[in-house]
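Novice: Take a look at protein.cif, mmCIF, C-alpha atoms and all ligand atoms:
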data_coords
#
loop_
_atom_site.label_atom_id
_atom_site.label_comp_id
_atom_site.auth_asym_id
_atom_site.auth_seq_id
_atom_site.Cartn_x
_atom_site.Cartn_y
_atom_site.Cartn_z
CA MET A 17 55.78 -21.31 14.82
CA ASN A 18 54.66 -24.92 14.53
CA ARG A 19 53.00 -26.65 11.59
CA SER A 20 49.47 -26.20 13.03
CA ASP A 21 50.06 -22.45 13.44
CA GLU A 22 51.20 -22.20 9.82
CA LEU A 23 48.23 -24.16 8.54
CA PHE A 24 45.82 -22.10 10.61
CA ILE A 25 47.17 -18.83 9.22
CA GLU A 26 46.82 -20.19 5.69
CA SER A 27 43.34 -21.59 6.39
CA LYS A 28 42.13 -18.22 7.60
CA LYS A 29 42.87 -16.81 4.15
CA TYR A 30 40.72 -19.36 2.40
CA VAL A 31 38.03 -20.21 4.94
CA PRO A 32 36.10 -17.90 7.29
CA GLY A 33 37.97 -18.06 10.59
CA GLY A 34 40.01 -20.95 9.21
CA VAL A 35 37.36 -23.50 10.18
CA HIS A 36 34.33 -25.26 8.76
CA SER A 37 32.54 -25.37 12.11
CA PRO A 38 33.05 -22.58 14.67
CA VAL A 39 33.75 -24.67 17.77
CA ARG A 40 36.93 -25.98 16.09
CA SER A 41 38.47 -22.51 16.13
CA PHE A 42 39.62 -22.52 19.80
CA LYS A 43 37.97 -19.12 20.08
CA GLY A 44 38.61 -17.56 23.47
CA LEU A 45 41.33 -20.07 24.29
CA HIS A 46 44.40 -18.01 23.27
CA THR A 47 45.95 -20.95 21.48
CA THR A 48 45.62 -22.05 17.88
CA PRO A 49 43.82 -25.21 16.83
CA ARG A 50 45.86 -28.35 16.38
CA PHE A 51 45.61 -29.75 12.85
CA ILE A 52 44.94 -33.45 13.16
CA SER A 53 46.60 -35.76 10.69
CA ARG A 54 45.55 -39.23 11.82
CA ALA A 55 43.88 -41.21 14.57
CA SER A 56 43.58 -44.66 16.10
CA GLY A 57 41.48 -45.91 19.03
CA ALA A 58 41.49 -43.26 21.77
CA TYR A 59 44.39 -41.29 20.21
CA ILE A 60 44.78 -38.51 17.67
CA TRP A 61 48.03 -37.17 16.18
CA ASP A 62 48.61 -33.60 15.10
CA GLU A 63 50.65 -32.41 12.12
CA GLU A 64 53.74 -32.21 14.32
CA GLY A 65 53.39 -35.88 15.17
CA LYS A 66 52.41 -35.23 18.80
CA ASP A 67 49.75 -37.60 20.13
CA TYR A 68 46.80 -36.83 22.38
CA ILE A 69 44.30 -38.93 24.29
CA ASP A 70 41.13 -37.72 22.58
CA PHE A 71 38.05 -36.86 24.66
CA CYS A 72 36.39 -34.91 21.85
CA MET A 73 35.94 -37.93 19.57
CA SER A 74 34.63 -35.79 16.72
CA PHE A 75 32.01 -34.44 19.20
CA GLY A 76 30.35 -37.77 19.75
CA PRO A 77 30.02 -40.06 16.73
CA LEU A 78 32.99 -42.29 17.59
CA ILE A 79 31.57 -44.38 20.41
CA LEU A 80 33.93 -47.24 19.44
CA GLY A 81 36.97 -44.97 19.12
CA HIS A 82 38.80 -43.94 15.96
CA ARG A 83 39.09 -46.45 13.13
CA HIS A 84 37.45 -49.37 14.86
CA PRO A 85 38.53 -52.38 12.73
CA GLN A 86 34.99 -53.59 11.95
CA VAL A 87 33.84 -50.12 10.93
CA GLU A 88 36.93 -49.54 8.83
CA SER A 89 36.50 -52.80 6.94
CA ALA A 90 32.76 -52.17 6.41
CA ILE A 91 33.60 -48.81 4.82
CA LYS A 92 36.32 -50.38 2.65
CA ASN A 93 33.96 -53.11 1.47
CA ALA A 94 31.26 -50.61 0.59
CA LEU A 95 33.78 -48.41 -1.19
CA GLY A 96 34.69 -51.19 -3.60
CA ARG A 97 31.11 -51.35 -4.84
CA GLY A 98 30.36 -47.66 -5.36
CA TRP A 99 29.58 -44.80 -3.02
CA THR A 100 26.38 -43.16 -4.11
CA TYR A 101 23.60 -43.99 -6.56
CA GLY A 102 20.68 -41.67 -5.82
CA ALA A 103 18.61 -44.80 -6.21
CA CYS A 104 17.19 -47.52 -4.00
CA GLU A 105 19.78 -49.84 -2.44
CA ALA A 106 19.73 -52.48 0.28
CA TYR A 107 22.30 -50.87 2.63
CA SER A 108 19.89 -48.38 4.15
CA LEU A 109 17.21 -51.05 4.52
CA LYS A 110 19.61 -53.12 6.63
CA LEU A 111 20.37 -50.20 8.93
CA ALA A 112 16.72 -49.10 9.11
CA LYS A 113 15.59 -52.61 10.08
CA PHE A 114 18.39 -52.99 12.60
CA ILE A 115 17.37 -49.80 14.40
CA VAL A 116 13.59 -50.09 14.13
CA ASP A 117 13.58 -53.71 15.33
CA LYS A 118 15.46 -52.75 18.48
CA ILE A 119 13.65 -49.57 19.54
CA PRO A 120 10.02 -50.18 20.54
CA PHE A 121 8.45 -46.76 20.00
CA ILE A 122 9.69 -46.25 16.45
CA GLU A 123 8.23 -48.00 13.40
CA GLN A 124 9.81 -46.03 10.58
CA ILE A 125 12.93 -44.02 10.01
CA ARG A 126 14.13 -41.55 7.35
CA PHE A 127 17.87 -41.01 6.90
CA VAL A 128 19.34 -37.58 6.21
CA ASN A 129 22.92 -36.24 6.25
CA SER A 130 23.31 -34.49 9.60
CA GLY A 131 21.72 -33.83 12.96
CA THR A 132 20.71 -30.37 11.80
CA GLU A 133 18.86 -31.82 8.83
CA ALA A 134 17.15 -34.35 11.08
CA VAL A 135 15.86 -31.62 13.41
CA MET A 136 14.89 -29.41 10.47
CA THR A 137 12.82 -32.27 9.08
CA ALA A 138 11.29 -32.99 12.48
CA VAL A 139 10.26 -29.34 12.88
CA ARG A 140 8.52 -29.30 9.50
CA LEU A 141 6.94 -32.68 10.16
CA THR A 142 5.68 -31.59 13.58
CA ARG A 143 4.08 -28.50 12.05
CA GLY A 144 2.67 -30.55 9.16
CA ILE A 145 1.11 -33.14 11.46
CA THR A 146 -0.42 -30.69 13.93
CA GLY A 147 -1.21 -27.79 11.60
CA LYS A 148 0.29 -25.47 14.26
CA GLU A 149 3.32 -23.19 13.94
CA LYS A 150 4.92 -22.52 17.30
CA ILE A 151 7.45 -24.78 18.94
CA ILE A 152 8.90 -24.83 22.44
CA LYS A 153 12.64 -25.21 22.99
CA PHE A 154 14.74 -24.94 26.14
CA ASN A 155 17.35 -22.37 26.97
CA GLY A 156 20.79 -23.85 26.30
CA CYS A 157 19.66 -26.89 24.32
CA TYR A 158 21.31 -27.09 20.91
CA HIS A 159 19.45 -28.63 17.98
CA GLY A 160 21.67 -27.77 15.04
CA HIS A 161 21.94 -24.57 13.04
CA LEU A 162 18.50 -24.29 11.46
CA ASP A 163 16.91 -20.85 11.84
CA SER A 164 14.09 -21.85 14.13
CA MET A 165 16.49 -23.47 16.60
CA LEU A 166 19.24 -20.84 16.66
CA ILE A 167 17.57 -19.15 19.57
CA LYS A 168 19.26 -19.50 22.93
CA ALA A 169 21.27 -22.45 21.64
CA GLY A 170 24.35 -24.21 23.00
CA SER A 171 28.12 -24.27 23.40
CA GLY A 172 29.28 -22.91 20.05
CA LEU A 173 27.34 -19.77 20.92
CA ALA A 174 27.63 -19.78 24.69
CA GLY A 175 31.26 -18.70 24.64
CA THR A 176 30.53 -15.69 22.49
CA ALA A 177 28.60 -12.54 23.24
CA GLU A 178 25.54 -13.12 21.07
CA ALA A 179 22.92 -15.47 22.44
CA SER A 180 21.69 -16.19 18.94
CA SER A 181 22.59 -15.40 15.34
CA GLU A 182 22.15 -12.63 12.84
CA GLY A 183 20.18 -13.62 9.77
CA VAL A 184 17.35 -15.34 11.59
CA PRO A 185 14.10 -13.61 10.58
CA ALA A 186 12.16 -12.09 13.45
CA GLN A 187 9.05 -13.99 12.35
CA THR A 188 10.93 -17.25 12.61
CA ALA A 189 12.27 -16.39 16.06
CA ALA A 190 8.78 -15.41 17.19
CA ASN A 191 7.58 -18.94 16.52
CA THR A 192 10.16 -20.46 18.87
CA LEU A 193 9.16 -20.14 22.52
CA ILE A 194 11.98 -20.51 25.04
CA CYS A 195 11.55 -22.11 28.44
CA GLU A 196 14.02 -22.88 31.23
CA LEU A 197 14.97 -26.53 31.72
CA GLY A 198 13.26 -28.15 34.68
CA ASN A 199 10.47 -25.56 34.83
CA LEU A 200 7.16 -27.30 34.06
CA LYS A 201 5.13 -24.31 35.27
CA GLU A 202 6.69 -22.15 32.62
CA VAL A 203 5.93 -24.72 29.92
CA ARG A 204 2.31 -24.93 31.02
CA ALA A 205 2.09 -21.13 31.02
CA CYS A 206 3.37 -21.17 27.41
CA PHE A 207 0.57 -23.51 26.35
CA GLU A 208 -1.99 -21.33 28.15
CA GLN A 209 -0.71 -18.12 26.59
CA HIS A 210 -0.73 -19.58 23.08
CA PRO A 211 -3.87 -21.71 22.95
CA GLY A 212 -4.01 -24.03 19.93
CA GLU A 213 -0.75 -22.66 18.53
CA ILE A 214 1.98 -24.94 19.87
CA ALA A 215 2.94 -27.80 17.54
CA GLY A 216 5.45 -29.48 19.80
CA ILE A 217 8.16 -29.44 22.43
CA PHE A 218 11.73 -30.11 21.32
CA LEU A 219 14.41 -31.00 23.80
CA GLU A 220 17.60 -32.87 24.41
CA PRO A 221 16.36 -35.37 27.00
CA LEU A 222 19.90 -35.28 28.35
CA PRO A 223 21.02 -31.72 27.65
CA ALA A 224 24.70 -32.03 26.72
CA ASN A 225 25.47 -29.00 24.58
CA ASN A 226 25.87 -26.43 27.28
CA GLY A 227 27.60 -28.33 29.98
CA LEU A 228 25.87 -31.51 31.06
CA LEU A 229 22.48 -30.82 32.63
CA PRO A 230 20.78 -34.11 33.59
CA GLN A 231 17.04 -33.59 34.11
CA ASP A 232 14.66 -35.26 36.58
CA GLN A 233 12.39 -38.04 35.41
CA GLU A 234 9.40 -35.98 36.69
CA PHE A 235 10.31 -33.11 34.39
CA LEU A 236 10.53 -35.33 31.31
CA GLN A 237 7.31 -37.15 32.25
CA GLY A 238 5.66 -33.77 32.92
CA LEU A 239 6.49 -32.66 29.36
CA ARG A 240 5.01 -35.89 27.98
CA ASP A 241 1.80 -35.24 29.96
CA LEU A 242 1.58 -31.58 28.90
CA CYS A 243 1.96 -32.56 25.23
CA ASP A 244 -0.86 -35.08 25.59
CA GLU A 245 -3.04 -32.54 27.37
CA TYR A 246 -2.53 -29.84 24.72
CA GLN A 247 -2.37 -32.07 21.60
CA ALA A 248 1.22 -31.22 20.87
CA LEU A 249 4.04 -33.57 19.90
CA LEU A 250 7.02 -34.36 22.09
CA ILE A 251 10.28 -34.58 20.16
CA PHE A 252 13.41 -35.97 21.75
CA ASP A 253 16.54 -34.71 20.04
CA GLU A 254 18.79 -37.70 20.72
CA VAL A 255 21.56 -36.66 18.35
CA ILE A 256 24.04 -37.05 21.23
CA SER A 257 22.17 -39.35 23.63
CA GLY A 258 20.82 -41.82 21.04
CA PHE A 259 22.79 -45.11 20.96
CA ARG A 260 24.95 -43.62 23.73
CA MET A 261 22.90 -43.58 26.93
CA SER A 262 21.51 -46.94 25.84
CA PHE A 263 20.72 -48.28 22.37
CA GLY A 264 17.31 -46.58 22.55
CA GLY A 265 18.86 -43.47 24.07
CA MET A 266 17.14 -41.52 26.82
CA ALA A 267 13.71 -42.67 25.65
CA GLU A 268 14.72 -46.21 26.60
CA ARG A 269 16.51 -45.11 29.80
CA THR A 270 13.50 -43.13 31.06
CA GLY A 271 10.72 -45.28 29.59
CA ILE A 272 9.17 -42.12 28.13
CA SER A 273 8.14 -42.43 24.48
CA PRO A 274 8.49 -39.30 22.37
CA ASP A 275 6.30 -38.85 19.29
CA LEU A 276 9.34 -38.27 17.11
CA VAL A 277 13.02 -38.71 17.74
CA THR A 278 16.02 -37.28 15.92
CA TYR A 279 19.36 -39.06 15.67
CA GLY A 280 22.78 -38.08 14.38
CA LYS A 281 26.42 -38.52 15.39
CA ILE A 282 26.73 -42.20 16.43
CA ILE A 283 24.12 -43.33 13.87
CA GLY A 284 26.66 -42.83 11.06
CA GLY A 285 29.66 -44.29 12.88
CA GLY A 286 31.64 -41.16 11.97
CA MET A 287 30.15 -40.64 8.50
CA PRO A 288 27.55 -37.91 7.86
CA VAL A 289 24.16 -39.34 8.83
CA GLY A 290 21.13 -38.08 10.67
CA ALA A 291 17.64 -39.53 11.01
CA VAL A 292 14.08 -38.80 12.04
CA ALA A 293 12.09 -41.72 13.42
CA GLY A 294 8.69 -42.38 14.93
CA PRO A 295 5.47 -44.32 14.55
CA THR A 296 4.25 -44.98 10.99
CA GLN A 297 1.18 -42.76 11.50
CA TRP A 298 3.48 -39.74 11.92
CA MET A 299 6.31 -40.76 9.61
CA GLU A 300 3.93 -41.27 6.66
CA TYR A 301 3.20 -37.57 6.68
CA LEU A 302 6.55 -37.36 4.86
CA ALA A 303 6.80 -37.32 1.05
CA PRO A 304 6.26 -39.34 -1.06
CA VAL A 305 3.38 -40.75 1.02
CA GLY A 306 2.31 -37.56 2.78
CA PRO A 307 2.22 -33.80 2.28
CA VAL A 308 5.41 -32.84 4.18
CA TYR A 309 8.29 -32.52 1.71
CA GLN A 310 11.81 -33.74 2.49
CA ALA A 311 14.62 -34.99 0.23
CA GLY A 312 18.38 -35.49 -0.06
CA THR A 313 20.76 -36.17 -2.98
CA LEU A 314 23.28 -38.02 -0.83
CA SER A 315 20.92 -39.30 1.87
CA ALA A 316 21.52 -42.88 2.98
CA ASN A 317 24.64 -43.25 0.89
CA PRO A 318 26.17 -46.74 1.15
CA LEU A 319 29.41 -45.75 2.90
CA ALA A 320 27.60 -43.96 5.67
CA MET A 321 25.01 -46.72 6.04
CA GLU A 322 27.68 -49.42 6.31
CA ALA A 323 29.69 -47.40 8.83
CA GLY A 324 26.53 -46.85 10.89
CA LEU A 325 25.50 -50.48 10.78
CA ALA A 326 28.98 -51.76 11.66
CA THR A 327 28.97 -49.41 14.66
CA MET A 328 25.46 -50.38 15.77
CA GLU A 329 26.34 -54.07 15.57
CA GLN A 330 28.98 -53.62 18.26
CA LEU A 331 26.56 -52.03 20.73
CA ASN A 332 24.99 -54.32 23.33
CA PRO A 333 24.19 -54.04 27.05
CA ASN A 334 27.78 -55.00 27.94
CA THR A 335 29.08 -52.15 25.80
CA TYR A 336 27.08 -49.67 27.86
CA ASP A 337 28.39 -51.13 31.14
CA GLU A 338 31.92 -50.91 29.78
CA LEU A 339 31.43 -47.31 28.62
CA GLU A 340 30.06 -46.30 31.99
CA LYS A 341 32.95 -47.99 33.83
CA ASN A 342 35.48 -46.26 31.57
CA THR A 343 33.79 -42.93 32.22
CA GLN A 344 33.71 -43.36 35.98
CA ALA A 345 37.38 -44.35 36.06
CA ILE A 346 38.34 -41.38 33.87
CA SER A 347 36.23 -38.97 35.94
CA ALA A 348 37.93 -40.23 39.12
CA ILE A 349 41.40 -39.81 37.59
CA PHE A 350 40.64 -36.24 36.48
CA THR A 351 39.02 -35.36 39.82
CA GLU A 352 41.97 -36.61 41.86
CA TRP A 353 44.45 -34.74 39.69
CA MET A 354 42.41 -31.50 39.62
CA GLN A 355 42.16 -31.50 43.44
CA ALA A 356 45.95 -31.61 43.69
CA HIS A 357 46.74 -29.09 40.95
CA GLY A 358 44.86 -25.88 41.57
CA PHE A 359 41.55 -26.87 39.98
CA GLU A 360 39.87 -27.63 43.33
CA ASP A 361 36.82 -25.60 42.40
CA TYR A 362 36.01 -27.88 39.46
CA GLN A 363 33.76 -30.92 39.65
CA ILE A 364 33.30 -33.65 37.07
CA ILE A 365 29.63 -34.23 36.27
CA SER A 366 29.07 -37.48 34.39
CA GLN A 367 26.20 -39.50 32.92
CA GLY A 368 26.72 -42.70 30.98
CA SER A 369 29.70 -42.09 28.73
CA LEU A 370 29.63 -38.29 28.89
CA PHE A 371 31.45 -36.12 31.38
CA TRP A 372 31.77 -32.40 31.93
CA ALA A 373 34.47 -30.54 33.80
CA ALA A 374 32.30 -27.93 35.52
CA PRO A 375 34.14 -25.01 37.13
CA THR A 376 31.81 -24.90 40.12
CA LYS A 377 30.92 -27.13 43.06
CA GLU A 378 27.24 -26.13 42.97
CA LYS A 379 24.55 -28.47 41.72
CA ILE A 380 23.59 -27.28 38.23
CA LYS A 381 20.16 -27.97 36.78
CA ASP A 382 19.59 -25.30 34.19
CA LEU A 383 21.52 -22.83 32.12
CA THR A 384 21.01 -19.86 34.43
CA GLN A 385 23.13 -21.63 37.07
CA ILE A 386 26.16 -21.85 34.75
CA PRO A 387 28.53 -18.90 35.01
CA LEU A 388 29.03 -16.91 31.79
CA ASN A 389 32.42 -16.49 30.11
CA LEU A 390 33.77 -19.76 31.43
CA ASN A 391 36.21 -20.02 28.53
CA GLU A 392 38.56 -17.51 30.22
CA ARG A 393 38.86 -19.85 33.21
CA PHE A 394 38.68 -23.05 31.20
CA TYR A 395 41.69 -21.98 29.19
CA ALA A 396 44.13 -22.75 32.03
CA LEU A 397 42.80 -26.29 32.36
CA PHE A 398 42.53 -26.85 28.63
CA GLU A 399 46.05 -25.71 27.83
CA THR A 400 47.63 -27.60 30.71
CA LEU A 401 45.96 -30.78 29.48
CA LEU A 402 46.79 -30.09 25.85
CA ASN A 403 50.48 -29.75 26.71
CA LYS A 404 50.29 -33.06 28.54
CA GLY A 405 48.85 -34.76 25.46
CA ILE A 406 45.22 -34.82 26.56
CA TYR A 407 42.67 -33.32 24.16
CA LEU A 408 39.36 -32.02 25.53
CA ALA A 409 36.75 -30.43 23.28
CA PRO A 410 38.01 -26.84 22.95
CA ASN A 411 35.20 -25.11 24.80
CA ALA A 412 34.23 -24.87 28.46
CA TYR A 413 30.59 -25.67 27.71
CA GLU A 414 31.33 -28.80 25.70
CA VAL A 415 31.17 -32.27 27.26
CA GLY A 416 33.84 -34.98 27.07
CA PHE A 417 33.02 -38.10 25.07
CA VAL A 418 34.23 -41.52 26.21
CA SER A 419 34.46 -44.50 23.85
CA THR A 420 35.08 -48.22 24.25
CA ALA A 421 38.66 -47.45 23.19
CA HIS A 422 39.18 -45.49 26.44
CA ASN A 423 39.96 -48.76 28.18
CA ALA A 424 42.16 -49.64 31.16
CA PRO A 425 45.51 -49.16 29.36
CA VAL A 426 44.38 -45.73 28.09
CA GLN A 427 43.22 -44.85 31.62
CA GLU A 428 46.68 -45.81 32.94
CA GLU A 429 48.27 -43.64 30.26
CA LEU A 430 45.93 -40.77 31.20
CA ARG A 431 47.02 -41.06 34.81
CA ARG A 432 50.68 -41.14 33.78
CA ARG A 433 50.33 -38.08 31.52
CA LEU A 434 48.43 -36.10 34.13
CA TRP A 435 50.86 -36.67 36.99
CA ASN A 436 53.97 -36.38 34.86
C1 LIG B 501 25.27 -32.08 17.27
C2 LIG B 501 23.83 -31.88 17.54
C3 LIG B 501 22.93 -31.48 16.53
C4 LIG B 501 23.40 -31.07 15.17
O1 LIG B 501 23.97 -32.13 14.48
P1 LIG B 501 24.96 -31.78 13.23
O2 LIG B 501 25.27 -33.14 12.68
O3 LIG B 501 26.13 -31.10 13.83
O4 LIG B 501 24.20 -30.96 12.29
C5 LIG B 501 21.59 -31.42 16.84
N1 LIG B 501 21.14 -31.75 18.05
C6 LIG B 501 21.96 -32.13 19.05
C7 LIG B 501 21.40 -32.51 20.37
C8 LIG B 501 23.34 -32.19 18.82
O5 LIG B 501 24.16 -32.53 19.82
#
Let me see the file written as structure tokens.
Specialist:
Amino acid sequence: MNRSDELFIESKKYVPGGVHSPVRSFKGLHTTPRFISRASGAYIWDEEGKDYIDFCMSFGPLILGHRHPQVESAIKNALGRGWTYGACEAYSLKLAKFIVDKIPFIEQIRFVNSGTEAVMTAVRLTRGITGKEKIIKFNGCYHGHLDSMLIKAGSGLAGTAEASSEGVPAQTAANTLICELGNLKEVRACFEQHPGEIAGIFLEPLPANNGLLPQDQEFLQGLRDLCDEYQALLIFDEVISGFRMSFGGMAERTGISPDLVTYGKIIGGGMPVGAVAGPTQWMEYLAPVGPVYQAGTLSANPLAMEAGLATMEQLNPNTYDELEKNTQAISAIFTEWMQAHGFEDYQIISQGSLFWAAPTKEKIKDLTQIPLNLNERFYALFETLLNKGIYLAPNAYEVGFVSTAHNAPVQEELRRRLWN
């Protein structure tokens, strides 16, 4: 038994399933989770001292890699001054200005502590603005673990039998209408069947929580038009795609302006931050100006704000070119190796700095085209790579995250580890 096995057994005594977030549990993968002790750049080390090229990157926040020097020193500087006040401070103003000045369709932003909290706030805000209760979400999109979004959600649930969760009241579920990605007819039918009741459409404009399911521009534009036609709001959940697909996320890439946008992951540079943003006319529905309540004891704490700002400051158009080049090189390396090693039926689907090892050659556009119970098959690939010192997110439906640290030398090392 290795050190990770021992720690996992002990953890399971003290913590449900030994983990604080289910996708860390390696469920369905017949191997126990590695306990990570430290990290640097594109690498993580487990408790045994074995290193891995990391393609999980904490599930997305670390777009500059682990312990980027500028981010590390920003956190250390902030730490020396105090780490939470529950009072006004200038750190969050700096980050708010930095983001708002760069993204044309947002005028105000409110920081929270996670992506889930951001979406939860956006749901309440959407209902508060429109005075309507129902929301539309898409099958397979994940928006965090709030009740109203735990209905046909993503990867953490896809591997298991239940499509949803116990504990979600039926009335709450009834207010979330589910449509299939790419199907505008179905969305229109929803609006027609529930006249005057739909507050807004929530989606990941680049669905990346249940495999990677890039959508057509016409579909996204069609949703924008339907929202305008039926006086509903369009909410882009850019918790993964924000600051990753471009600084302004998919909204900037597609030129489609949502009414509200939610951010998370990269926005905190690896510290817990989420945000809701939009035009002032919508954002000022939030307390203390407006009637929609929202609050947070630790919201916008200085450490997280400094880590976020230091990360944002490194992101420019060149960064996105670099990230895309890294991703294409890595995808090519994986593809070549998989072809020669019994994974011929896999394809790598990539967009920007995300990639997904999809165990099918078919073109996949929505969730119904993804085979169920992929984890059984994914296990062979995952474990082979793990033994070679290559760490993918431990779930077949989870994407790979590429950072600026996954540069040419790391790509060479990846090639060496794969073919060794
Ligand atoms: C990760 C994620 C969330 C939830 O964010 P947490 O910080 O894990 O609460 C919400 N929406 C999307 C699109 C995500 O990828």
Novice: Mind dumping a table of every segment 112-180 of chain A residue within 12 Å of segment 195-210 of chain A, with the nearest atom pair and its distance in Å to one decimal, using all atoms listed in the file, sorted by chain and rising number, as a Markdown table?
Specialist:
| residue | atom | partner | partner_atom | distance |
| --- | --- | --- | --- | --- |
| A:Lys148 | CA | A:His210 | CA | 10.7 |
| A:Glu149 | CA | A:His210 | CA | 10.6 |
| A:Lys150 | CA | A:His210 | CA | 8.6 |
| A:Ile151 | CA | A:Cys206 | CA | 10.1 |
| A:Ile152 | CA | A:Cys195 | CA | 7.1 |
| A:Lys153 | CA | A:Cys195 | CA | 6.4 |
| A:Phe154 | CA | A:Cys195 | CA | 4.8 |
| A:Asn155 | CA | A:Glu196 | CA | 5.4 |
| A:Gly156 | CA | A:Leu197 | CA | 8.4 |
| A:Cys157 | CA | A:Leu197 | CA | 8.8 |
| A:Ile167 | CA | A:Cys195 | CA | 11.1 |
| A:Lys168 | CA | A:Cys195 | CA | 9.8 |
| A:Ala169 | CA | A:Cys195 | CA | 11.9 |
Novice: Can I get the selection written as a PDB file, in the coordinates of the input, with C-alpha atoms?
Specialist:
ATOM      1  CA  LYS A 148       0.290 -25.470  14.260  1.00  0.00           C
ATOM      2  CA  GLU A 149       3.320 -23.190  13.940  1.00  0.00           C
ATOM      3  CA  LYS A 150       4.920 -22.520  17.300  1.00  0.00           C
ATOM      4  CA  ILE A 151       7.450 -24.780  18.940  1.00  0.00           C
ATOM      5  CA  ILE A 152       8.900 -24.830  22.440  1.00  0.00           C
ATOM      6  CA  LYS A 153      12.640 -25.210  22.990  1.00  0.00           C
ATOM      7  CA  PHE A 154      14.740 -24.940  26.140  1.00  0.00           C
ATOM      8  CA  ASN A 155      17.350 -22.370  26.970  1.00  0.00           C
ATOM      9  CA  GLY A 156      20.790 -23.850  26.300  1.00  0.00           C
ATOM     10  CA  CYS A 157      19.660 -26.890  24.320  1.00  0.00           C
ATOM     11  CA  ILE A 167      17.570 -19.150  19.570  1.00  0.00           C
ATOM     12  CA  LYS A 168      19.260 -19.500  22.930  1.00  0.00           C
ATOM     13  CA  ALA A 169      21.270 -22.450  21.640  1.00  0.00           C
TER      14      ALA A 169
END
Novice: Pull the closest atom pair for each residue of chain A that gets at most 8 Å from ligand LIG 501 (chain B), along with the distance in Å to one decimal, counting all atoms listed in the file, ordering rows by chain and then ascending residue number, as CSV.
Specialist:
residue,atom,partner,partner_atom,distance
A:Phe75,CA,B:LIG501,C1,7.4
A:Asn129,CA,B:LIG501,O2,7.5
A:Ser130,CA,B:LIG501,O2,3.9
A:Gly131,CA,B:LIG501,O1,3.2
A:Thr132,CA,B:LIG501,O4,3.6
A:Glu133,CA,B:LIG501,O4,6.4
A:Ala134,CA,B:LIG501,C5,7.8
A:Val135,CA,B:LIG501,C5,6.7
A:Cys157,CA,B:LIG501,C7,7.1
A:Tyr158,CA,B:LIG501,C6,5.4
A:His159,CA,B:LIG501,N1,3.5
A:Gly160,CA,B:LIG501,C4,3.7
A:His161,CA,B:LIG501,O4,6.8
A:Leu219,CA,B:LIG501,C7,7.9
A:Glu220,CA,B:LIG501,C7,5.6
A:Pro223,CA,B:LIG501,C7,7.3
A:Ala224,CA,B:LIG501,O5,6.9
A:Asn225,CA,B:LIG501,O5,6.1
A:Asp253,CA,B:LIG501,C7,5.3
A:Glu254,CA,B:LIG501,C7,5.8
A:Val255,CA,B:LIG501,C6,4.6
A:Ile256,CA,B:LIG501,O5,4.7
A:Ser257,CA,B:LIG501,C7,7.6
A:Thr278,CA,B:LIG501,N1,7.8
A:Tyr279,CA,B:LIG501,N1,7.9
A:Gly280,CA,B:LIG501,O2,5.8
A:Lys281,CA,B:LIG501,O2,6.1
A:Pro288,CA,B:LIG501,O2,7.2
A:Val289,CA,B:LIG501,O2,7.4
A:Gly290,CA,B:LIG501,O2,6.8
Novice: I'd like the contact shell of segment 60-69 of chain A - 9 Å cut-off, only C-alpha atoms, skipping same-chain residues fewer than 6 positions apart - returned as a PyMOL selection string.
Specialist: chain A and resi 18-20+50-54+82+402+404-408+422+426+429-430
Novice: Tell me, as a compact mmCIF listing (two decimals) with C-alpha atoms, in the coordinates of the input, which residues lie within 6 Å of Gly227 of chain A, counting only C-alpha atoms; anything in the same chain fewer than 3 positions away does not count.
Specialist:
# COMPACT_ATOMS: atom_id res chain seq x y z
CA ALA A 224 24.70 -32.03 26.72
CA TYR A 413 30.59 -25.67 27.71
CA GLU A 414 31.33 -28.80 25.70
CA VAL A 415 31.17 -32.27 27.26
Novice: Determine the nearest neighbour of Thr420 of chain A from the options A:Leu331, A:Ala396, A:Met266, A:Leu109, counting only C-alpha atoms.
Specialist: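 Checking each of A:Leu331, A:Ala396, A:Met266, A:Leu109 against Thr420 of chain A, counting only C-alpha atoms, the winner is A:Leu331.
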Novice: Report as a ChimeraX atom specification all protein, DNA and RNA residues lying within 12 Å of His357 of chain A, evaluated on all atoms listed in the file, omitting residues in the same chain fewer than 4 positions from it.
Specialist: /A:350-353,361-362,396-397,400-401,434-436
Novice: Name all residues at most 8 Å from segment 31-48 of chain A (count only C-alpha atoms; drop same-chain ones fewer than 3 positions away) and give them as JSON, numbers by chain.
Specialist: {"A": [20, 21, 24, 25, 26, 27, 28, 171, 172, 175, 391, 392, 394, 395, 399, 410, 411]}
Novice: How many Å lie between atom CA of Pro274 of chain A and atom CA of Gly324 of chain A, rounded to one decimal?
Specialist: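 Between atom CA of Pro274 of chain A and atom CA of Gly324 of chain A the gap is 22.7 Å.
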Novice: Show me, as a list in words, the residues that have an atom within 9 Å of Glu340 of chain A when counting all atoms listed in the file, minus same-chain residues fewer than 4 positions from it.
Specialist: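 Answer for this query is Thr335, Tyr336, Gln344, Ala345, Gln367, Gly368, Ser369, Leu370 and Val418 of chain A.
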Novice: When distances are computed from only C-alpha atoms, which of A:Met17, A:Pro333, A:Leu339, A:Ala373 shows the smallest separation from Ala421 of chain A?
Specialist: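 Under the stated criterion, the closest residue is A:Leu339.
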Novice: Under the rule that only C-alpha atoms are counted, which of A:Gln124, A:Thr327, A:Thr376, A:Gln233 is the nearest residue to Val292 of chain A?
Specialist: A:Gln124
